[in-house]
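> Mind having a look at this structure? Questions to follow.
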Amino acid sequence: MTPLPRRRVLLVLAAALLLAAAGVVAGVLLTRTSEPPRRALPLQRVGELALPGDSSRFDYASLDSGRGLLFIAHLGASEVIEVDVHTGHVVRTITGLPDVHGVLVVPALHRVYATATGADEMVTLDENSGAVLHRTPTGAYPDGLAYDPVRGTVWTTNESGGSETVIDAATGTVRGTVDLGGDAGNVAYDPVGGGQILVDVQSRNQLAVIDPVTLVITRRIPLPGCDHDHGLALAPDDRLAFVACDGNARLLTVDLTTRRITGTDAVGSDPDVLAYDSAAHRLYVAAESGWLTVLDSHDHRLTVSGRAHLADGAHVVAVDPTTHRSYYPVPHGSGGHPALLTYRPVP
């Protein structure tokens with residue numbers, strides 16, 4: 001064969017390298033966007049309520065099941081929308097909450113707590129009137145929330161700040177800060193055994209266990225097989241923690257007694273918000289991809305009972321343990337405007 005000129009050889013090699021790189025990128029994108037096998041959801045839509053505001057991003061939601069009041073963080077609009085799910089109407093919109101992410105209603109106190117991420121603060125609201133009662137400074141990028149009823153404190157995860165700000169639920173004053181040693185994911189209160197706080201340390205793929213009295217991390221539970229643990233929910237009576245890994249679309253079941261991983265399940269891409277129906281022993285995992293995974297807990301193990309695309313932007317879920325209905329705020333409902341979708345379990 002006649003040898004190719006040097007310049008042509010270099011051009012051929014460069015083209016080959018570009019093609020190879022494109023193949024790798026395509027492979028990575030395919031891996032990131034592929035979804036697990038679809039299985040029909042054991043749910044039936046029973047309602048759709050138009051929500052006020054624009055079609056920007058929603059974040060967390062929290063339900064006072066006794067009064068039927070659902071509080072939805074409309075992050076893109078910097079407001080919280082309050083909905084009466086019993087009557088199916090919007091009660092009010094609470095504005096002035098910059099880039100609101102987390103929202104948590106505590107019915108016993110008639111208080112609602114919201115993380116205004118744009119201002120690095122937690123805001124305390126009156127559940128009855130929506131009035132702002134306190135604004136408390138936090139660490140950088142406050143996100144998830146948990147309530148400790150024994151010590152009367154609200155725990156705020158500062159995601160990029162890598163810490164927990166512990167706030168007095170009644171007065172809004174800061175009681176302390178816990179350095180997590182890495183980016184913070186979600187946080188949960190475990191009522192068993194006098195109470196402890198669990199929080200995802202997502203940049204270390206660990207679940208940190210914190211003593212709520214001394215504000216000291218007493219244990220770090222490693223999460224092998226998890227990439228970036230962000231979502232967290234507990235089944236305290238069964239001594240289980242459910243951890244969603246948004247980097248590799250996996251849900252881990254952690255035995256809180258043995259501190260071992262007892263199960264791993266595939267969920268939708270970029271899992272975000274988890275909601276556990278303690279009465280039905282059913283877990284809902286909502287993902288950024290709009291996929292919802294429903295899992296049932298039996299004998300301390302989860303079984304996938306449904307997995308499918310629910311709606312674009314359906315990465316938020318709240319569940320009512322009394323009616324077993326689940327609620328999903330989405331940017332685009334059937335009319336193209338923001339809406340709250342309501343589902344009930346299929347008999």
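Identifiers in the structure tokens: chain A, B, ... in order shown; residue index from 1 per chain; ligand index from 1 in order shown.
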Give me, as a tab-separated table, the closest atom pair and its distance (Å, one decimal) for every residue of segment 124-163 of chain A within a cut-off of 12 Å of segment 226-243 of chain A, counting only C-alpha atoms, rows sorted by chain and rising number.


```
residue	atom	partner	partner_atom	distance
A:Asp143	CA	A:His230	CA	10.8
A:Gly144	CA	A:Gly231	CA	9.4
A:Leu145	CA	A:Leu232	CA	11.0
A:Ala146	CA	A:Ala233	CA	10.7
A:Thr157	CA	A:His230	CA	10.9
A:Glu159	CA	A:His230	CA	9.7
```

> Just the selected residues (N, CA, C and O atoms), exported as a compact mmCIF listing (two decimals), in the first residue's frame, please.


```txt
# COMPACT_ATOMS: atom_id res chain seq x y z
N ASP A 143 -32.05 23.78 52.61
CA ASP A 143 -32.90 22.97 51.74
C ASP A 143 -33.94 22.19 52.56
O ASP A 143 -35.01 22.67 52.85
N GLY A 144 -33.59 20.94 52.96
CA GLY A 144 -34.55 20.08 53.65
C GLY A 144 -34.75 20.46 55.10
O GLY A 144 -33.94 21.15 55.72
N LEU A 145 -35.87 19.95 55.68
CA LEU A 145 -36.25 20.28 57.06
C LEU A 145 -36.73 19.04 57.80
O LEU A 145 -37.29 18.12 57.20
N ALA A 146 -36.52 19.04 59.11
CA ALA A 146 -37.06 17.99 59.98
C ALA A 146 -37.40 18.61 61.32
O ALA A 146 -36.75 19.58 61.75
N THR A 157 -31.09 21.56 56.68
CA THR A 157 -29.88 21.14 55.98
C THR A 157 -29.38 22.25 55.08
O THR A 157 -30.12 22.77 54.26
N GLU A 159 -27.22 22.72 52.20
CA GLU A 159 -26.65 21.79 51.22
C GLU A 159 -25.21 22.11 50.87
O GLU A 159 -24.30 21.31 51.12
```

> Considering only helix (DSSP H, G or I) as DSSP defines it on the backbone, what residues of segment 65-162 of chain A qualify? List them as a list of chain:residue names.

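Assigned to helix (DSSP H, G or I), within segment 65-162 of chain A: A:Leu75, A:Gly76, A:Ala77, A:Thr117, A:Gly118, A:Ala119.
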
> Find the residues around Pro338 of chain A up to 9 Å (only C-alpha atoms counted), leave out those fewer than 2 positions away in its own chain, and share them as a VMD selection string.

chain A and resid 49 to 56 329 to 336 340

> Give me the residues within 12 Å of segment 136-142 of chain A as number ranges by chain, counting only C-alpha atoms and dropping any in the same chain fewer than 4 places off.

A: 98-103, 113-125, 132, 154-180, 183-187

> Name the residues in contact with Asn128 of chain A at a cut-off of 8 Å, using only C-alpha atoms, excluding same-chain residues fewer than 2 positions from it; report them as number ranges by chain.

A: 110, 126, 130

> Quick one: of A:Val254, A:Pro345, A:Tyr327, A:Gln202, who's nearest to Val83 of chain A, counting only C-alpha atoms?

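Going through A:Val254, A:Pro345, A:Tyr327, A:Gln202 one by one, the smallest distance to Val83 of chain A is for A:Tyr327.
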
> Using only C-alpha atoms, which of the listed residues (A:Gly247, A:Gly195, A:Pro321, A:Pro222) sits closest to Ala275 of chain A?

A:Pro321

> I'd like the neighbourhood of Pro42 of chain A as a list in words, where a residue qualifies if any of its atoms comes within 12 Å (using only C-alpha atoms), though same-chain residues fewer than 6 positions away should be ignored.

Arg282, Tyr284, Leu292, Thr293, Val294, Leu295, Asp296, Val304, Ser305, Gly306, Arg307, Ala308, Leu310, Arg325, Ser326, Tyr343, Arg344, Pro345, Val346 and Pro347 of chain A

> Please provide as an mmCIF file with N, CA and C atoms, in the first residue's frame all residues within 7 Å of segment 206-208 of chain A, with the sequence filter that same-chain residues fewer than 5 positions apart are discarded (counting only C-alpha atoms).


```cif
data_model
loop_
_atom_site.group_PDB
_atom_site.id
_atom_site.type_symbol
_atom_site.label_atom_id
_atom_site.label_comp_id
_atom_site.auth_asym_id
_atom_site.auth_seq_id
_atom_site.Cartn_x
_atom_site.Cartn_y
_atom_site.Cartn_z
ATOM 1 N N LEU A 198 -31.070 11.847 61.501
ATOM 2 C CA LEU A 198 -30.347 11.227 60.398
ATOM 3 C C LEU A 198 -30.271 12.216 59.246
ATOM 4 N N VAL A 199 -29.117 12.313 58.624
ATOM 5 C CA VAL A 199 -28.964 13.242 57.513
ATOM 6 C C VAL A 199 -28.037 12.658 56.456
ATOM 7 N N ASP A 200 -28.414 12.845 55.190
ATOM 8 C CA ASP A 200 -27.564 12.421 54.083
ATOM 9 C C ASP A 200 -26.364 13.360 53.969
ATOM 10 N N VAL A 201 -25.188 12.781 53.875
ATOM 11 C CA VAL A 201 -23.992 13.558 53.539
ATOM 12 C C VAL A 201 -23.651 13.135 52.125
ATOM 13 N N ILE A 217 -22.073 14.165 65.873
ATOM 14 C CA ILE A 217 -22.262 13.007 64.998
ATOM 15 C C ILE A 217 -21.728 11.775 65.727
ATOM 16 N N ARG A 219 -22.243 8.522 64.621
ATOM 17 C CA ARG A 219 -21.922 7.414 63.710
ATOM 18 C C ARG A 219 -22.098 7.872 62.265
ATOM 19 N N ARG A 220 -21.302 7.316 61.389
ATOM 20 C CA ARG A 220 -21.469 7.523 59.957
ATOM 21 C C ARG A 220 -21.693 6.161 59.308
ATOM 22 N N ILE A 221 -22.843 6.009 58.659
ATOM 23 C CA ILE A 221 -23.183 4.739 58.014
ATOM 24 C C ILE A 221 -22.794 4.837 56.538
ATOM 25 N N PRO A 222 -21.841 4.037 56.086
ATOM 26 C CA PRO A 222 -21.452 4.079 54.665
ATOM 27 C C PRO A 222 -22.561 3.520 53.788
ATOM 28 N N LEU A 223 -22.649 4.048 52.580
ATOM 29 C CA LEU A 223 -23.695 3.639 51.638
ATOM 30 C C LEU A 223 -23.074 3.136 50.344
#
```
